[in-house]
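A.B. asks: Below is the file input-v6.txt, with compact mmCIF, C-alpha atoms.
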```txt
# COMPACT_ATOMS: atom_id res chain seq x y z
CA MET N 1 -18.37 46.48 -5.50
CA GLY N 2 -17.91 47.57 -1.89
CA LYS N 3 -17.80 43.94 -0.84
CA ASN N 4 -15.10 43.22 -3.42
CA ASN N 5 -13.09 46.17 -2.16
CA ASP N 6 -13.39 44.89 1.38
CA GLU N 7 -12.22 41.46 0.32
CA THR N 8 -9.23 42.85 -1.56
CA LYS N 9 -8.33 44.98 1.43
CA LEU N 10 -8.65 42.01 3.74
CA ASP N 11 -6.46 39.94 1.39
CA GLY N 12 -3.82 42.66 1.59
CA LEU N 13 -4.02 42.83 5.37
CA ILE N 14 -3.68 39.07 5.80
CA HIS N 15 -0.82 39.06 3.36
CA ASP N 16 0.94 41.78 5.33
CA ALA N 17 0.36 39.89 8.55
CA VAL N 18 1.58 36.42 7.56
CA GLY N 19 3.28 36.89 4.20
CA GLY N 20 6.86 35.87 3.69
CA GLU N 21 9.25 34.17 1.33
CA SER N 22 11.40 31.11 1.64
CA ARG N 23 14.01 29.61 -0.62
CA PHE N 24 15.39 26.14 -0.25
CA ASP N 25 19.12 25.56 -0.59
CA PHE N 26 19.50 21.84 -1.27
CA ALA N 27 23.31 21.88 -1.27
CA LYS N 28 23.34 23.46 2.19
CA TRP N 29 20.68 21.04 3.39
CA LYS N 30 22.76 18.09 2.18
CA SER N 31 25.82 19.30 4.04
CA GLU N 32 23.76 19.64 7.24
CA HIS N 33 21.96 16.29 7.01
CA THR N 34 24.72 13.79 6.27
CA GLU N 35 23.42 11.21 8.75
CA GLU N 36 20.00 11.03 7.10
CA ILE N 37 21.60 10.84 3.67
CA GLU N 38 23.83 7.95 4.79
CA ALA N 39 20.81 6.13 6.25
CA TYR N 40 18.92 6.72 3.01
CA HIS N 41 21.73 5.25 0.89
CA ALA N 42 22.16 2.31 3.25
CA MET N 43 18.46 1.53 3.13
CA ASN N 44 18.46 1.76 -0.63
CA ALA N 45 21.34 -0.70 -0.82
CA ILE N 46 19.34 -3.13 1.35
CA ASP N 47 16.22 -2.55 -0.75
CA ALA N 48 18.16 -3.25 -3.94
CA ARG N 49 19.40 -6.53 -2.48
CA ILE N 50 15.86 -7.48 -1.41
CA ARG N 51 14.53 -6.60 -4.86
CA SER N 52 17.11 -8.77 -6.60
CA HIS N 53 16.43 -11.63 -4.14
CA ARG N 54 12.70 -11.31 -4.84
CA ARG N 55 13.38 -11.39 -8.57
CA SER N 56 15.38 -14.61 -8.27
CA LEU N 57 12.67 -16.11 -6.06
CA LYS N 58 10.11 -15.23 -8.71
CA VAL N 59 12.22 -16.95 -11.37
CA SER N 60 12.57 -20.10 -9.26
CA ALA N 61 8.82 -20.09 -8.58
CA ILE N 62 8.13 -19.89 -12.31
CA VAL N 63 10.62 -22.69 -13.05
CA THR N 64 9.07 -24.88 -10.33
CA ALA N 65 5.55 -24.22 -11.65
CA ALA N 66 6.66 -25.06 -15.19
CA ALA N 67 8.31 -28.25 -13.97
CA ALA N 68 5.14 -29.21 -12.08
CA ILE N 69 3.06 -28.65 -15.22
CA LEU N 70 5.45 -30.81 -17.26
CA VAL N 71 5.37 -33.59 -14.66
CA PHE N 72 1.60 -33.43 -14.64
CA ALA N 73 1.43 -33.40 -18.42
CA PHE N 74 3.75 -36.35 -18.96
CA LEU N 75 3.17 -38.56 -15.95
CA VAL N 76 -0.22 -37.95 -14.40
CA TRP N 77 -2.46 -36.85 -17.26
CA PRO N 78 -2.16 -40.06 -19.36
CA ASP N 79 -3.19 -42.11 -16.30
CA ILE N 80 -6.38 -40.22 -15.59
CA GLY N 81 -9.30 -42.54 -16.09
CA ASN N 82 -7.06 -45.58 -16.59
CA GLU N 83 -6.40 -48.30 -14.08
CA THR N 84 -3.10 -50.11 -13.72
CA VAL N 85 -3.03 -53.41 -11.80
CA LEU N 86 0.15 -53.71 -9.82
CA VAL N 87 0.12 -57.07 -8.00
CA LYS N 88 -0.55 -60.66 -8.65
CA PRO N 89 -4.01 -61.91 -7.76
CA GLY N 90 -2.39 -64.72 -5.79
CA ASP N 91 -1.23 -62.22 -3.16
CA GLY N 92 -4.82 -61.72 -2.18
CA ILE N 93 -4.86 -57.99 -2.81
CA VAL N 94 -4.61 -55.84 -5.86
CA ALA N 95 -3.38 -52.30 -5.71
CA SER N 96 -4.33 -50.02 -8.48
CA SER N 97 -2.79 -46.69 -9.45
CA TYR N 98 -6.04 -45.23 -10.62
CA THR N 99 -6.66 -41.50 -10.95
CA PRO N 100 -10.43 -41.10 -11.03
CA LEU N 101 -12.11 -38.88 -13.59
CA PRO N 102 -14.35 -36.24 -12.03
CA ALA N 103 -17.22 -37.77 -14.00
CA HIS N 104 -16.81 -41.01 -12.01
CA LEU N 105 -17.14 -39.41 -8.62
CA PRO N 106 -20.53 -39.94 -6.96
CA THR N 107 -21.57 -36.37 -6.29
CA VAL N 108 -25.12 -35.42 -5.28
CA GLY N 109 -25.67 -33.88 -8.70
CA ARG N 110 -24.58 -37.01 -10.52
CA LEU N 111 -26.69 -39.26 -8.29
CA ASN N 112 -29.71 -37.04 -8.96
CA ALA N 113 -28.99 -37.15 -12.68
CA ALA N 114 -28.72 -40.95 -12.57
CA PHE N 115 -32.03 -41.19 -10.66
CA ALA N 116 -33.75 -38.91 -13.15
CA GLU N 117 -32.42 -41.02 -15.97
CA GLY N 118 -33.31 -44.50 -14.81
CA GLY N 119 -34.61 -44.50 -11.26
CA ILE N 120 -33.06 -46.38 -8.33
CA ASP N 121 -31.57 -49.04 -10.62
CA ALA N 122 -29.56 -46.41 -12.46
CA VAL N 123 -28.36 -44.95 -9.13
CA GLU N 124 -27.24 -48.38 -7.98
CA LYS N 125 -25.44 -48.98 -11.24
CA PHE N 126 -23.74 -45.60 -11.03
CA CYS N 127 -22.58 -46.30 -7.47
CA GLU N 128 -21.19 -49.68 -8.46
CA ARG N 129 -19.34 -48.15 -11.37
CA SER N 130 -17.92 -45.38 -9.15
CA GLU N 131 -16.75 -47.84 -6.56
CA ARG N 132 -15.10 -49.96 -9.21
CA LYS N 133 -13.47 -46.98 -10.91
CA SER N 134 -12.25 -45.26 -7.77
CA GLY N 135 -10.84 -48.48 -6.39
CA ALA N 136 -12.71 -48.56 -3.09
CA ARG N 137 -10.99 -50.53 -0.31
CA PRO N 138 -12.40 -53.71 1.24
CA GLY N 139 -14.03 -53.53 4.66
CA ARG N 140 -11.20 -55.41 6.40
CA LEU N 141 -7.53 -55.07 5.70
CA THR N 142 -4.76 -56.84 7.66
CA ALA N 143 -1.28 -55.51 8.30
CA MET N 144 0.04 -58.24 6.02
CA ASP N 145 -2.22 -57.00 3.21
CA ILE N 146 -0.89 -53.46 3.62
CA PHE N 147 2.68 -54.77 3.62
CA ILE N 148 2.06 -56.79 0.47
CA GLU N 149 0.46 -53.80 -1.20
CA PHE N 150 3.40 -51.61 -0.24
CA GLU N 151 5.87 -54.08 -1.70
CA ALA N 152 3.76 -54.47 -4.78
CA ASN N 153 3.89 -50.73 -5.43
CA ILE N 154 7.67 -50.91 -5.45
CA GLU N 155 7.62 -53.73 -7.98
CA THR N 156 5.44 -51.54 -10.23
CA LYS N 157 3.40 -52.72 -13.10
CA LYS N 158 4.33 -56.36 -13.19
CA GLY N 159 0.84 -57.47 -13.94
CA SER N 160 0.50 -57.25 -17.68
CA GLU N 161 -1.27 -60.63 -17.48
CA TYR N 162 -3.92 -59.06 -15.31
CA GLU N 163 -5.18 -56.60 -17.86
CA ASN N 164 -8.66 -58.01 -17.68
CA GLN N 165 -8.74 -57.50 -13.97
CA SER N 166 -9.99 -53.91 -14.21
CA ASP N 167 -13.30 -55.25 -15.52
CA ASN N 168 -14.01 -57.07 -12.27
CA ASN N 169 -16.53 -55.44 -9.97
CA ASN N 170 -14.24 -55.82 -6.99
CA ALA N 171 -10.54 -55.63 -7.59
CA TYR N 172 -9.83 -57.04 -4.11
CA SER N 173 -11.78 -60.22 -4.42
CA PHE N 174 -8.86 -62.52 -5.22
CA ASP N 175 -8.19 -65.34 -2.84
CA ARG N 176 -4.79 -65.91 -1.44
CA ALA N 177 -2.92 -68.63 -3.28
CA MET H 1 6.20 20.25 -13.20
CA THR H 2 3.50 17.87 -14.46
CA GLU H 3 1.97 15.14 -12.35
CA LYS H 4 3.77 12.50 -14.41
CA THR H 5 7.12 14.21 -13.93
CA GLU H 6 6.50 14.44 -10.23
CA ILE H 7 5.55 10.78 -9.93
CA ARG H 8 8.71 9.88 -11.84
CA LEU H 9 10.78 12.03 -9.50
CA VAL H 10 9.17 10.40 -6.48
CA GLN H 11 9.87 6.96 -7.96
CA ASN H 12 13.49 7.93 -8.61
CA ALA H 13 13.81 9.23 -5.07
CA VAL H 14 12.41 5.98 -3.72
CA ASN H 15 14.97 4.10 -5.82
CA GLY H 16 17.85 6.07 -4.36
CA ASP H 17 18.20 9.22 -6.48
CA LEU H 18 18.92 11.99 -3.99
CA GLU H 19 18.79 14.76 -6.60
CA SER H 20 15.18 13.87 -7.46
CA PHE H 21 14.34 14.16 -3.79
CA GLY H 22 16.03 17.58 -3.78
CA LEU H 23 13.89 18.80 -6.68
CA LEU H 24 10.73 17.70 -4.90
CA CYS H 25 11.82 19.38 -1.69
CA GLU H 26 12.53 22.59 -3.55
CA LYS H 27 9.11 22.55 -5.19
CA TYR H 28 7.22 22.18 -1.93
CA TYR H 29 9.49 24.18 0.37
CA ALA H 30 7.32 27.30 0.61
CA ALA H 31 4.17 25.27 1.18
CA MET H 32 5.89 23.21 3.88
CA VAL H 33 7.22 26.30 5.63
CA ALA H 34 3.70 27.75 5.55
CA ILE H 35 2.30 24.57 7.10
CA ALA H 36 4.95 24.59 9.84
CA CYS H 37 4.44 28.33 10.34
CA SER H 38 0.74 27.80 10.95
CA VAL H 39 1.64 25.54 13.88
CA ILE H 40 4.71 27.23 15.27
CA ALA H 41 3.99 30.85 14.26
CA ASP H 42 7.60 31.74 13.56
CA LYS H 43 9.09 31.75 10.10
CA HIS H 44 12.66 30.93 11.13
CA LEU H 45 11.60 28.13 13.45
CA ALA H 46 9.28 26.86 10.73
CA GLU H 47 12.20 26.71 8.29
CA ASP H 48 14.22 24.69 10.82
CA VAL H 49 11.28 22.36 11.30
CA VAL H 50 10.93 21.82 7.56
CA GLN H 51 14.63 21.06 7.18
CA THR H 52 14.38 18.46 9.94
CA ALA H 53 11.18 17.09 8.43
CA TYR H 54 12.92 16.71 5.07
CA GLY H 55 15.52 14.54 6.79
CA LYS H 56 12.76 12.34 8.21
CA ALA H 57 11.06 12.21 4.82
CA LEU H 58 14.29 11.14 3.12
CA VAL H 59 14.76 8.25 5.51
CA GLY H 60 11.08 7.23 5.29
CA ILE H 61 10.42 7.71 1.59
CA GLY H 62 10.73 3.97 0.95
CA GLY H 63 7.49 3.50 2.89
CA LEU H 64 5.50 5.90 0.70
CA LYS H 65 2.90 3.70 -0.98
CA ASP H 66 0.96 6.08 -3.23
CA LYS H 67 3.46 8.15 -5.21
CA LYS H 68 0.72 10.61 -6.17
CA LEU H 69 0.30 11.64 -2.56
CA PHE H 70 3.90 12.73 -2.00
CA ALA H 71 3.03 16.36 -1.19
CA ALA H 72 0.28 15.43 1.25
CA TRP H 73 2.61 12.89 2.88
CA LEU H 74 5.40 15.47 3.16
CA GLY H 75 2.92 18.00 4.58
CA ARG H 76 1.92 15.51 7.27
CA ILE H 77 5.55 14.98 8.24
CA CYS H 78 6.14 18.75 8.47
CA ARG H 79 2.97 19.30 10.49
CA ASN H 80 3.94 16.56 12.94
CA ALA H 81 7.51 17.85 13.15
CA ALA H 82 6.20 21.32 13.97
CA LYS H 83 3.88 19.91 16.64
CA ASP H 84 6.79 17.92 18.06
CA MET H 85 8.86 21.08 18.25
CA VAL H 86 6.07 22.90 20.08
CA ARG H 87 5.80 19.99 22.51
CA SER H 88 9.54 19.67 22.99
CA ARG H 89 9.80 23.34 23.86
CA ASN H 90 7.08 22.65 26.38
CA ARG H 91 4.93 25.51 25.27
CA ASP H 92 1.61 25.48 23.58
CA ILE H 93 2.33 28.90 22.08
CA PRO H 94 -0.49 30.92 23.60
CA THR H 95 -2.03 33.64 21.49
CA GLU H 96 -0.35 36.48 23.39
CA ASP H 97 3.09 35.00 22.70
CA LEU H 98 2.29 34.65 19.04
CA SER H 99 1.33 38.28 18.81
CA GLN H 100 4.68 39.17 20.37
CA VAL H 101 6.56 37.01 17.90
CA LYS H 102 4.75 38.59 15.03
CA ALA H 103 5.26 42.09 16.36
CA ALA H 104 8.84 41.83 15.23
CA VAL H 105 7.66 41.72 11.64
CA SER H 106 5.43 44.76 11.89
CA ASP H 107 4.22 46.89 14.75
CA ASN H 108 1.26 48.12 12.79
CA GLU H 109 -1.85 47.92 14.94
CA THR H 110 -4.10 46.57 12.20
CA SER H 111 -1.60 43.88 11.26
CA GLU H 112 -1.48 42.85 14.88
CA ALA H 113 -5.26 42.58 14.96
CA VAL H 114 -5.21 40.47 11.81
CA ARG H 115 -2.57 38.17 13.27
CA ASP H 116 -4.60 37.89 16.43
CA ALA H 117 -7.67 36.98 14.39
CA ILE H 118 -5.66 34.34 12.52
CA GLU H 119 -4.30 32.84 15.72
CA HIS H 120 -7.87 32.45 16.96
CA LEU H 121 -8.76 30.26 13.99
CA GLU H 122 -8.87 26.47 14.12
CA PRO H 123 -5.45 24.89 13.34
CA VAL H 124 -6.72 23.56 9.99
CA GLU H 125 -8.05 26.98 9.04
CA ARG H 126 -4.85 28.69 10.14
CA GLU H 127 -2.85 26.31 7.99
CA LEU H 128 -4.96 27.22 4.98
CA VAL H 129 -4.41 30.94 5.59
CA TYR H 130 -0.66 30.50 5.86
CA LEU H 131 -0.56 28.34 2.75
CA ARG H 132 -2.49 30.95 0.78
CA TYR H 133 -0.78 34.11 1.96
CA PHE H 134 2.71 32.95 2.85
CA ASN H 135 4.68 33.06 -0.38
CA ASP H 136 1.40 33.51 -2.33
CA GLN H 137 0.65 29.87 -3.07
CA SER H 138 -1.82 29.20 -5.87
CA TYR H 139 -4.94 27.11 -5.29
CA GLU H 140 -3.31 24.34 -7.36
CA GLN H 141 -0.24 24.29 -5.15
CA MET H 142 -2.39 24.33 -2.04
CA ALA H 143 -4.55 21.50 -3.36
CA GLU H 144 -1.42 19.43 -4.01
CA ALA H 145 0.06 20.12 -0.61
CA LEU H 146 -3.15 19.37 1.29
CA GLY H 147 -4.50 16.59 -0.92
CA ILE H 148 -7.92 18.27 -1.27
CA SER H 149 -9.74 19.84 -4.23
CA LYS H 150 -9.43 23.47 -5.35
CA ALA H 151 -13.17 23.95 -4.89
CA ALA H 152 -12.91 22.82 -1.28
CA ILE H 153 -10.02 25.22 -0.69
CA ASN H 154 -11.95 28.08 -2.25
CA GLY H 155 -15.01 27.44 -0.09
CA ARG H 156 -13.02 27.08 3.10
CA LEU H 157 -10.96 30.20 2.44
CA LYS H 158 -14.12 32.23 1.91
CA ARG H 159 -15.51 31.10 5.25
CA ILE H 160 -12.19 31.73 6.99
CA LYS H 161 -11.93 35.25 5.56
CA GLN H 162 -15.44 35.92 6.75
CA LYS H 163 -14.42 34.85 10.25
CA ILE H 164 -11.35 37.07 10.17
CA GLY H 165 -13.44 39.95 8.80
CA ASN H 166 -15.99 39.59 11.58
CA ARG H 167 -13.23 39.69 14.17
CA LEU H 168 -11.74 42.78 12.60
CA LYS H 169 -15.00 44.73 12.54
CA ASP H 170 -13.90 46.57 15.64
CA PHE H 171 -11.10 48.09 13.68
CA ALA H 172 -11.97 51.00 11.48
CA GLY H 173 -11.78 50.87 7.71
CA ILE H 174 -12.79 47.19 7.15
```
Using the file provided, produce a representation of the structure as structure tokens.
C.D. replies:
Amino acid sequence: MGKNNDETKLDGLIHDAVGGESRFDFAKWKSEHTEEIEAYHAMNAIDARIRSHRRSLKVSAIVTAAAAILVFAFLVWPDIGNETVLVKPGDGIVASSYTPLPAHLPTVGRLNAAFAEGGIDAVEKFCERSERKSGARPGRLTAMDIFIEFEANIETKKGSEYENQSDNNNAYSFDRA
Amino acid sequence: MTEKTEIRLVQNAVNGDLESFGLLCEKYYAAMVAIACSVIADKHLAEDVVQTAYGKALVGIGGLKDKKLFAAWLGRICRNAAKDMVRSRNRDIPTEDLSQVKAAVSDNETSEAVRDAIEHLEPVERELVYLRYFNDQSYEQMAEALGISKAAINGRLKRIKQKIGNRLKDFAGI
């Protein structure tokens, strides 16, 4: 009880020593701080412009992403796993616009799986198939070959008569005419 | 004012609504003056400091990331503004000077002893005393202004009062 009394008395003493009251007059403050208020409004105007710019950037990013998805869906996706022969065999080189399936890529996991399935023969077979599917390049390639290939890509898909070519083990094995 | 209302006001102020900023300033004025007073030890100077600090806060409110921490953020600005004022006047406000400043309020000997005891507290403790006893802030208001829990405030205040009490033991009647 005595302790409580002491505490109450101490509260009163501290209150007497530091107590006070303050009221804030916002209208007066505004009239005395015009510079800060101007800066605040100016910054808000800039912020609003930045926000609207960001919004339009977001919209363009979404449109670009949608366009990319459409391009992928209509142009790239149907080609995945298919091979298109672009040049005549007589030119000595065949370019192919092949998009390999992930299943055709010779990863460590797939090589292990092939070995477990049928030993070293299966691994060899898998490697051959991967090479064929991913259109591996020959060991030597001349500048003329590259030029021919480049031109052939421009001509695009002339080789309907070479449909059977994709079955060959090496698509680059044609002799020059 | 609920927490939601306050967050909305802060958001409005960030988006350019000056009146929302005014309402927030009004709500925390007493607490901010108490904080400044604990540094500068003069009510009128503390009020000037808070008014200046409000100007700084208005310009910088766009940078406030966590809207819930408006009061604590404002408190920090006021504290720093008060410290800046002390520095700019090139005086560290020694205890004797403070007692003289306070003497204008009351020349009662006991009050002077209490003020002296308060000025001998750590700055953080002094701030808590001013927040509690200047304008009779509630624990909730103090917790908002300092960004700490009510329990922590309660515990700290008890220890501070004990310190003040020990210092006042020389004076009769306590």
A.B. asks: For segment 8-19 of chain H, list every protein, DNA or RNA residue within 7 Å, evaluated using only C-alpha atoms, and leave out those in the same chain fewer than 5 positions away; present the list as a list in words.
C.D. replies: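 Close residues of segment 8-19 of chain H: His41 and Asn44 of chain N; Ile61, Gly62 and Lys67 of chain H.
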A.B. asks: What does the distance from atom CA of Leu131 of chain H to atom CA of Arg23 of chain N come to in Å, to one decimal?
C.D. replies: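 Atom-to-atom, atom CA of Leu131 of chain H to atom CA of Arg23 of chain N, that is 15.0 Å.
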A.B. asks: Name the residues in contact with Lys83 of chain H at a cut-off of 8 Å, using all atoms listed in the file, excluding same-chain residues fewer than 4 positions from it; report them as a PyMOL selection string.
C.D. replies: chain H and resi 39-40+79+87
A.B. asks: One decimal, in Å: what's the spacing between atom CA of Met142 of chain H and atom CA of Ala46 of chain H?
C.D. replies: 17.5 Å
A.B. asks: Write down, as a ChimeraX atom specification, each residue of chain N that has any atom within 10 Å of an atom of chain H, counting all atoms listed in the file.
C.D. replies: /N:3,5-7,9-27,29-30,32-45,47-48
A.B. asks: Rounded to one decimal place, report the atom CA of Glu131 of chain N-atom CA of Gly119 of chain N distance in Å.
C.D. replies: 18.8 Å
A.B. asks: Do a neighbour search on Gly155 of chain H at 12 Å with only C-alpha atoms, toss out local chain neighbours closer than 5 positions, and write the hits as a short mmCIF file (atom, residue, chain, number, x, y, z; two decimals) with C-alpha atoms, in the frame of the given file.
C.D. replies:
```cif
data_model
loop_
_atom_site.label_atom_id
_atom_site.label_comp_id
_atom_site.auth_asym_id
_atom_site.auth_seq_id
_atom_site.Cartn_x
_atom_site.Cartn_y
_atom_site.Cartn_z
CA GLU H 125 -8.05 26.98 9.04
CA LEU H 128 -4.96 27.22 4.98
CA TYR H 139 -4.94 27.11 -5.29
CA ILE H 148 -7.92 18.27 -1.27
CA SER H 149 -9.74 19.84 -4.23
CA LYS H 150 -9.43 23.47 -5.35
CA ILE H 160 -12.19 31.73 6.99
CA LYS H 161 -11.93 35.25 5.56
CA GLN H 162 -15.44 35.92 6.75
#
```
A.B. asks: Which one is closest to Leu121 of chain H: H:Met85, H:Ala72, H:Leu157, H:Ala53? Count all atoms listed in the file.
C.D. replies: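 Closest residue, counting all atoms listed in the file: H:Leu157.
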